[in-house]
Amino acid sequence: MPPSSASAPASHHLRLWWRRRGRAGAAGATFAVALLAAALLLTLSYYASGPLASDSSSAAGRSPALVGLTLVRRAQEKGALCLDGSVPGYHLQRGSGSGSESWLIHLEGGGWCRNLKSCGSRQRSVLGSSRFMERQIEFTGILSDDKSQNPDFYNWNKVKIRYCDGASFAGNVKDELQNGTRFFFRGQRIWEAVMNELVFKGLGNAKQAFLTGCSAGGLATYIHCDAFHALLPTDSRVKCLADGGFFLDVKDISGKRTMQSFYSDVVRLQGLRERFSHCNSNMEPGQCFFPREVVRHIVNPVFILNPAYDAWQVQHALAPEASDPQRSWLDCRLDIAKCSSEQLEILQGFRKELHDAISEVKQKRDWGFYINSCFVHCQSLNSWTWHSPTSPRVNNKSIAEAVGDWFFDRREVKEIDCEYPCNPTCHNLVFARPFKI
């Protein structure tokens, strides 16, 4: 999700379709048309935080479950409020059978706001107010209750926590007035209030628990992983998964650190420096917020799911519009297949930056990762990418299979794909125009 506020429906701003390499013929054409039709149902605010195709489950077999919104009880007195002061919420689907004592929690993503103007825009959207949130949403991908699409977690208690604070569930600013306008930077309190409510509803007795998140929610997963573990019984199996949340502190194509500057604004606005014990005076504020710094201090096992060519990061960290006044990167930012040889060389350098950033993780025996060579962003909430006959694969394993193997200790999972364009199973996104900042 772009750093700015929620955008209008994607049909107005964005046209994308899946590109599959190495497939031809009528069957391939039929499949491409079906995927294009599904993609037209997207909303831009859910590109980073929700299913890429809202009817992906029905395309794979049956319609996905619709799960209602629950507003947090007594949120007002706890000060656990969205940016506009409304009550935060979550969607809970109860588990059954062997999964009745297992819990999967998903933290929604959707970028960040760096100043009062962008946070003000969010106050009038689903990313800053529960007043605009859908009363029901589909559970797909890792949240699906269909065993064929989600073989290891289909019958668990599953929760999607809505994102409405603008700083990855991390801020805790007491003062409500900012330049005469009320803003509630209370992501940390939202996290605590929702967790307390879920503990009461059964999470506190879970035998297995899995904290997951996508994009900004993936970053939140890194931030809260150890705190999540502390809520559970000591003999419970507790792990975390961050999807598309390993944002890199890289120089853009003009030599500036655009993401570090952006994160510094977020950290200053919501007073996050004190939130991170690893953040010292020698560091720029934004450095504290990058996963590379955060993961060094996590004790609980974490699984890193990331594409090596993260489409969001290519558009906003590596080649943001401001860094490309000649618009020489426009086609490449929209479609990786249109990148020149020189641009691909830069993208391969970006891939290496990711590999270097997770080098410490490689030494952690109980951690796992799955880095494929696709041009995409989040991959766990969409059934096409999570687990289907046409899902991306690394070493012949779908993402769901790899994550399940790791969570249940069936094998060590530390998968790194070859360089683009080597993997014919990738679903590479193609855009009509870049995300708006």
# chains A, B, ... in the order shown; residues from 1 in each chain; ligands from 1

call {"tool": "select_by_dssp", "arguments": {"residues": "stretch 179-291 of chain A", "states": "alpha helix (DSSP H)", "output": "ChimeraX atom specification"}}
result
/A:187-200,216-230,258-269,291

call {"tool": "select_by_dssp", "arguments": {"residues": "stretch 115-344 of chain A", "states": "strand (DSSP E or B)", "output": "PyMOL selection string"}}
result
chain A and resi 136-139+157-161+177-178+181-182+208-214+237-243+302-307

call {"tool": "closest_atom_pairs", "arguments": {"of": "stretch 209-326 of chain A", "to": "stretch 92-107 of chain A", "cutoff": "9 Å", "atoms": "only C-alpha atoms", "output": "Markdown table"}}
result
| residue | atom | partner | partner_atom | distance |
| --- | --- | --- | --- | --- |
| A:Ala209 | CA | A:Trp103 | CA | 4.7 |
| A:Phe210 | CA | A:Leu104 | CA | 4.7 |
| A:Leu211 | CA | A:Ile105 | CA | 4.9 |
| A:Thr212 | CA | A:His106 | CA | 4.6 |
| A:Gly213 | CA | A:Leu107 | CA | 4.3 |
| A:Cys214 | CA | A:Leu107 | CA | 6.7 |
| A:Ala216 | CA | A:Leu107 | CA | 8.4 |
| A:Gly217 | CA | A:Leu107 | CA | 4.8 |
| A:Gly218 | CA | A:Leu107 | CA | 7.2 |
| A:Ala220 | CA | A:Leu107 | CA | 7.2 |
| A:Thr221 | CA | A:Leu107 | CA | 7.2 |

call {"tool": "write_last_selection", "arguments": {"atoms": "N, CA, C and O atoms", "output": "compact mmCIF listing (two decimals), in the first residue's frame"}}
result
# COMPACT_ATOMS: atom_id res chain seq x y z
N ALA A 209 -0.38 -20.92 18.31
CA ALA A 209 -0.77 -19.57 17.90
C ALA A 209 0.22 -19.05 16.88
O ALA A 209 1.43 -19.29 16.99
N PHE A 210 -0.32 -18.33 15.90
CA PHE A 210 0.47 -17.86 14.77
C PHE A 210 0.10 -16.41 14.51
O PHE A 210 -1.03 -16.10 14.16
N LEU A 211 1.05 -15.49 14.72
CA LEU A 211 0.84 -14.08 14.42
C LEU A 211 1.37 -13.80 13.01
O LEU A 211 2.53 -14.07 12.72
N THR A 212 0.50 -13.27 12.16
CA THR A 212 0.89 -12.98 10.78
C THR A 212 0.50 -11.54 10.43
O THR A 212 -0.29 -10.91 11.13
N GLY A 213 1.05 -11.04 9.34
CA GLY A 213 0.70 -9.70 8.90
C GLY A 213 1.26 -9.45 7.51
O GLY A 213 2.22 -10.10 7.08
N CYS A 214 0.65 -8.51 6.81
CA CYS A 214 1.02 -8.19 5.43
C CYS A 214 1.42 -6.73 5.31
O CYS A 214 0.76 -5.86 5.86
N ALA A 216 2.53 -3.21 5.86
CA ALA A 216 2.69 -2.49 7.12
C ALA A 216 2.31 -3.39 8.29
O ALA A 216 2.84 -3.25 9.40
N GLY A 217 1.38 -4.33 8.05
CA GLY A 217 1.05 -5.33 9.06
C GLY A 217 2.16 -6.35 9.24
O GLY A 217 2.31 -6.94 10.32
N GLY A 218 2.94 -6.59 8.19
CA GLY A 218 4.12 -7.44 8.31
C GLY A 218 5.17 -6.80 9.20
O GLY A 218 5.78 -7.45 10.05
N ALA A 220 4.46 -4.67 11.51
CA ALA A 220 3.87 -4.77 12.85
C ALA A 220 4.08 -6.14 13.46
O ALA A 220 4.25 -6.28 14.68
N THR A 221 4.11 -7.16 12.62
CA THR A 221 4.36 -8.52 13.12
C THR A 221 5.76 -8.64 13.71
O THR A 221 5.96 -9.23 14.78

call {"tool": "closest_residue", "arguments": {"among": "A:Pro307, A:Pro320, A:Pro392, A:Pro325", "to": "A:Val376", "atoms": "only C-alpha atoms"}}
result
A:Pro307

call {"tool": "closest_residue", "arguments": {"among": "A:Arg268, A:Lys117, A:Arg275, A:Arg162", "to": "A:Ser130", "atoms": "only C-alpha atoms"}}
result
A:Arg162

call {"tool": "closest_atom_pairs", "arguments": {"of": "stretch 151-177 of chain A", "to": "stretch 222-246 of chain A", "cutoff": "10 Å", "atoms": "only C-alpha atoms", "output": "Markdown table"}}
result
| residue | atom | partner | partner_atom | distance |
| --- | --- | --- | --- | --- |
| A:Ser168 | CA | A:Ile223 | CA | 8.3 |
| A:Phe169 | CA | A:Ile223 | CA | 8.6 |
| A:Ala170 | CA | A:Ile223 | CA | 7.8 |

call {"tool": "residues_around", "arguments": {"residues": "A:Asp146", "least_positions_apart": "3", "cutoff": "12 Å", "atoms": "only C-alpha atoms", "output": "list in words"}}
result
Ser56, Ser57, Ser58, Ala60, Gly61, Arg62, Ser63, Pro64, Ala65, Phe139, Thr140, Gly141, Ile142, Leu143, Gln149, Asn150, Pro151, Asp152, Phe153, Tyr154, Asn155, Trp156, Ser383, His387 and Ser388 of chain A

call {"tool": "write_last_selection", "arguments": {"atoms": "N, CA and C atoms", "output": "compact mmCIF listing (two decimals), in the first residue's frame"}}
result
# COMPACT_ATOMS: atom_id res chain seq x y z
N SER A 56 -11.07 -15.06 -5.53
CA SER A 56 -10.10 -16.10 -5.82
C SER A 56 -10.51 -17.45 -5.27
N SER A 57 -11.17 -17.46 -4.12
CA SER A 57 -11.56 -18.75 -3.56
C SER A 57 -12.64 -19.41 -4.41
N SER A 58 -13.62 -18.61 -4.86
CA SER A 58 -14.66 -19.21 -5.67
C SER A 58 -14.10 -19.74 -6.97
N ALA A 60 -11.31 -21.06 -7.30
CA ALA A 60 -10.57 -22.28 -7.00
C ALA A 60 -11.48 -23.39 -6.50
N GLY A 61 -12.77 -23.12 -6.25
CA GLY A 61 -13.62 -24.20 -5.81
C GLY A 61 -14.94 -23.75 -5.21
N ARG A 62 -14.94 -22.84 -4.23
CA ARG A 62 -16.18 -22.39 -3.62
C ARG A 62 -16.00 -20.97 -3.10
N SER A 63 -17.09 -20.34 -2.80
CA SER A 63 -17.04 -18.96 -2.35
C SER A 63 -16.38 -18.86 -0.98
N PRO A 64 -15.59 -17.82 -0.76
CA PRO A 64 -14.93 -17.66 0.55
C PRO A 64 -15.93 -17.26 1.61
N ALA A 65 -15.58 -17.53 2.86
CA ALA A 65 -16.44 -17.17 3.98
C ALA A 65 -16.46 -15.66 4.16
N PHE A 139 -12.59 -14.06 3.86
CA PHE A 139 -11.37 -14.67 4.39
C PHE A 139 -10.82 -15.61 3.31
N THR A 140 -9.66 -15.26 2.77
CA THR A 140 -9.03 -16.06 1.73
C THR A 140 -7.57 -16.30 2.07
N GLY A 141 -6.90 -17.11 1.26
CA GLY A 141 -5.49 -17.39 1.49
C GLY A 141 -5.26 -18.04 2.83
N ILE A 142 -4.35 -17.51 3.61
CA ILE A 142 -4.02 -18.07 4.91
C ILE A 142 -5.19 -17.97 5.90
N LEU A 143 -6.21 -17.16 5.57
CA LEU A 143 -7.40 -17.04 6.42
C LEU A 143 -8.55 -17.92 5.93
N GLN A 149 -7.40 -25.06 0.00
CA GLN A 149 -6.64 -23.84 -0.22
C GLN A 149 -5.75 -23.46 0.96
N ASN A 150 -6.03 -24.02 2.11
CA ASN A 150 -5.31 -23.66 3.33
C ASN A 150 -5.15 -24.90 4.20
N PRO A 151 -4.36 -25.87 3.73
CA PRO A 151 -4.38 -27.21 4.33
C PRO A 151 -4.00 -27.28 5.80
N ASP A 152 -3.16 -26.38 6.29
CA ASP A 152 -2.69 -26.50 7.67
C ASP A 152 -3.44 -25.66 8.68
N PHE A 153 -4.13 -24.60 8.22
CA PHE A 153 -4.74 -23.67 9.17
C PHE A 153 -6.23 -23.44 8.92
N TYR A 154 -6.83 -24.22 8.05
CA TYR A 154 -8.21 -23.96 7.62
C TYR A 154 -9.23 -23.97 8.75
N ASN A 155 -9.03 -24.84 9.77
CA ASN A 155 -10.04 -24.97 10.82
C ASN A 155 -9.62 -24.31 12.13
N TRP A 156 -8.63 -23.43 12.07
CA TRP A 156 -8.20 -22.69 13.26
C TRP A 156 -9.15 -21.52 13.53
N SER A 383 -5.57 -16.61 -2.55
CA SER A 383 -5.51 -18.05 -2.75
C SER A 383 -4.70 -18.46 -3.97
N HIS A 387 -1.95 -20.93 -2.07
CA HIS A 387 -1.93 -22.37 -2.32
C HIS A 387 -3.01 -22.73 -3.33
N SER A 388 -2.59 -23.02 -4.53
CA SER A 388 -3.48 -23.48 -5.58
C SER A 388 -2.63 -24.24 -6.59

call {"tool": "closest_atom_pairs", "arguments": {"of": "stretch 173-268 of chain A", "to": "stretch 79-87 of chain A", "cutoff": "12 Å", "atoms": "only C-alpha atoms", "output": "CSV"}}
result
residue,atom,partner,partner_atom,distance
A:Val173,CA,A:Gly79,CA,10.0
A:Lys174,CA,A:Gly79,CA,8.6
A:Asp175,CA,A:Gly79,CA,10.9
A:Glu176,CA,A:Gly85,CA,9.2
A:Leu177,CA,A:Asp84,CA,11.4
A:Gln178,CA,A:Leu83,CA,11.7
A:Thr181,CA,A:Asp84,CA,10.0
A:Arg182,CA,A:Asp84,CA,7.3
A:Phe183,CA,A:Leu83,CA,5.5
A:Phe184,CA,A:Leu83,CA,4.5
A:Phe185,CA,A:Leu83,CA,6.1
A:Arg186,CA,A:Ala80,CA,5.9
A:Gly187,CA,A:Ala80,CA,7.4
A:Gln188,CA,A:Ala80,CA,8.0
A:Arg189,CA,A:Ala80,CA,4.8
A:Ile190,CA,A:Ala80,CA,4.7
A:Trp191,CA,A:Ala80,CA,8.2
A:Glu192,CA,A:Ala80,CA,8.2
A:Ala193,CA,A:Ala80,CA,6.6
A:Val194,CA,A:Ala80,CA,9.0
A:Met195,CA,A:Ala80,CA,11.7
A:Asn196,CA,A:Ala80,CA,11.8

call {"tool": "write_last_selection", "arguments": {"atoms": "N, CA, C and O atoms", "output": "short mmCIF file (atom, residue, chain, number, x, y, z; two decimals), in the first residue's frame"}}
result
data_model
loop_
_atom_site.label_atom_id
_atom_site.label_comp_id
_atom_site.auth_asym_id
_atom_site.auth_seq_id
_atom_site.Cartn_x
_atom_site.Cartn_y
_atom_site.Cartn_z
N VAL A 173 0.71 8.18 21.47
CA VAL A 173 0.80 9.60 21.81
C VAL A 173 -0.41 10.00 22.64
O VAL A 173 -1.55 9.85 22.21
N LYS A 174 -0.15 10.50 23.83
CA LYS A 174 -1.24 10.85 24.75
C LYS A 174 -2.00 12.07 24.27
O LYS A 174 -3.24 12.12 24.32
N ASP A 175 -1.30 13.08 23.79
CA ASP A 175 -1.92 14.34 23.38
C ASP A 175 -2.76 14.12 22.13
O ASP A 175 -2.27 13.61 21.12
N GLU A 176 -4.01 14.53 22.17
CA GLU A 176 -4.91 14.35 21.04
C GLU A 176 -4.86 15.51 20.05
O GLU A 176 -5.16 15.33 18.87
N LEU A 177 -4.50 16.70 20.51
CA LEU A 177 -4.53 17.88 19.65
C LEU A 177 -3.19 18.07 18.94
O LEU A 177 -2.13 18.12 19.58
N GLN A 178 -3.26 18.14 17.63
CA GLN A 178 -2.08 18.41 16.81
C GLN A 178 -2.44 19.59 15.91
O GLN A 178 -3.28 19.48 15.03
N THR A 181 -6.11 20.27 15.67
CA THR A 181 -6.98 19.20 15.16
C THR A 181 -6.75 17.93 15.97
O THR A 181 -5.62 17.63 16.36
N ARG A 182 -7.82 17.17 16.19
CA ARG A 182 -7.69 15.95 16.99
C ARG A 182 -7.18 14.79 16.13
O ARG A 182 -7.76 14.46 15.08
N PHE A 183 -6.09 14.20 16.55
CA PHE A 183 -5.55 12.98 15.96
C PHE A 183 -5.26 12.00 17.09
O PHE A 183 -4.76 12.39 18.15
N PHE A 184 -5.56 10.74 16.84
CA PHE A 184 -5.29 9.70 17.84
C PHE A 184 -4.23 8.76 17.28
O PHE A 184 -4.51 7.94 16.41
N PHE A 185 -3.01 8.94 17.77
CA PHE A 185 -1.90 8.07 17.37
C PHE A 185 -1.76 6.99 18.44
O PHE A 185 -0.92 7.07 19.33
N ARG A 186 -2.60 5.96 18.36
CA ARG A 186 -2.76 5.00 19.46
C ARG A 186 -2.63 3.54 19.01
O ARG A 186 -3.30 2.66 19.54
N GLY A 187 -1.79 3.27 18.02
CA GLY A 187 -1.67 1.90 17.51
C GLY A 187 -1.27 0.88 18.56
O GLY A 187 -1.78 -0.25 18.58
N GLN A 188 -0.38 1.26 19.48
CA GLN A 188 0.04 0.35 20.54
C GLN A 188 -1.14 0.00 21.44
O GLN A 188 -1.32 -1.16 21.83
N ARG A 189 -1.95 0.97 21.75
CA ARG A 189 -3.12 0.72 22.60
C ARG A 189 -4.15 -0.15 21.87
O ARG A 189 -4.82 -0.98 22.50
N ILE A 190 -4.29 0.06 20.57
CA ILE A 190 -5.18 -0.80 19.79
C ILE A 190 -4.71 -2.24 19.86
O ILE A 190 -5.50 -3.17 20.09
N TRP A 191 -3.40 -2.44 19.64
CA TRP A 191 -2.83 -3.78 19.73
C TRP A 191 -3.16 -4.41 21.09
O TRP A 191 -3.64 -5.54 21.16
N GLU A 192 -2.91 -3.68 22.17
CA GLU A 192 -3.12 -4.22 23.51
C GLU A 192 -4.61 -4.50 23.77
O GLU A 192 -4.95 -5.55 24.36
N ALA A 193 -5.48 -3.61 23.35
CA ALA A 193 -6.91 -3.78 23.60
C ALA A 193 -7.46 -4.99 22.85
O ALA A 193 -8.24 -5.79 23.41
N VAL A 194 -7.05 -5.16 21.59
CA VAL A 194 -7.52 -6.31 20.81
C VAL A 194 -6.97 -7.60 21.39
O VAL A 194 -7.70 -8.60 21.54
N MET A 195 -5.70 -7.61 21.74
CA MET A 195 -5.11 -8.82 22.30
C MET A 195 -5.80 -9.21 23.62
O MET A 195 -6.09 -10.39 23.86
N ASN A 196 -6.06 -8.23 24.47
CA ASN A 196 -6.74 -8.53 25.75
C ASN A 196 -8.11 -9.14 25.49
O ASN A 196 -8.52 -10.08 26.19
#

call {"tool": "closest_residue", "arguments": {"among": "A:Gly204, A:Gly255, A:Pro291, A:Pro88", "to": "A:Val361", "atoms": "only C-alpha atoms"}}
result
A:Pro291

call {"tool": "atom_distance", "arguments": {"atom1": "atom CA of A:Gln313", "atom2": "atom CA of A:Phe247"}}
result
7.2 Å

call {"tool": "closest_residue", "arguments": {"among": "A:Asn115, A:Asn157, A:Gln76, A:Ser281", "to": "A:Ser144", "atoms": "only C-alpha atoms"}}
result
A:Asn157

call {"tool": "closest_residue", "arguments": {"among": "A:Asn428, A:Glu342, A:Ala400, A:Asp409", "to": "A:Ser148", "atoms": "only C-alpha atoms"}}
result
A:Ala400

call {"tool": "closest_residue", "arguments": {"among": "A:His355, A:Leu330, A:Asp249, A:Leu272", "to": "A:Glu293", "atoms": "only C-alpha atoms"}}
result
A:Asp249
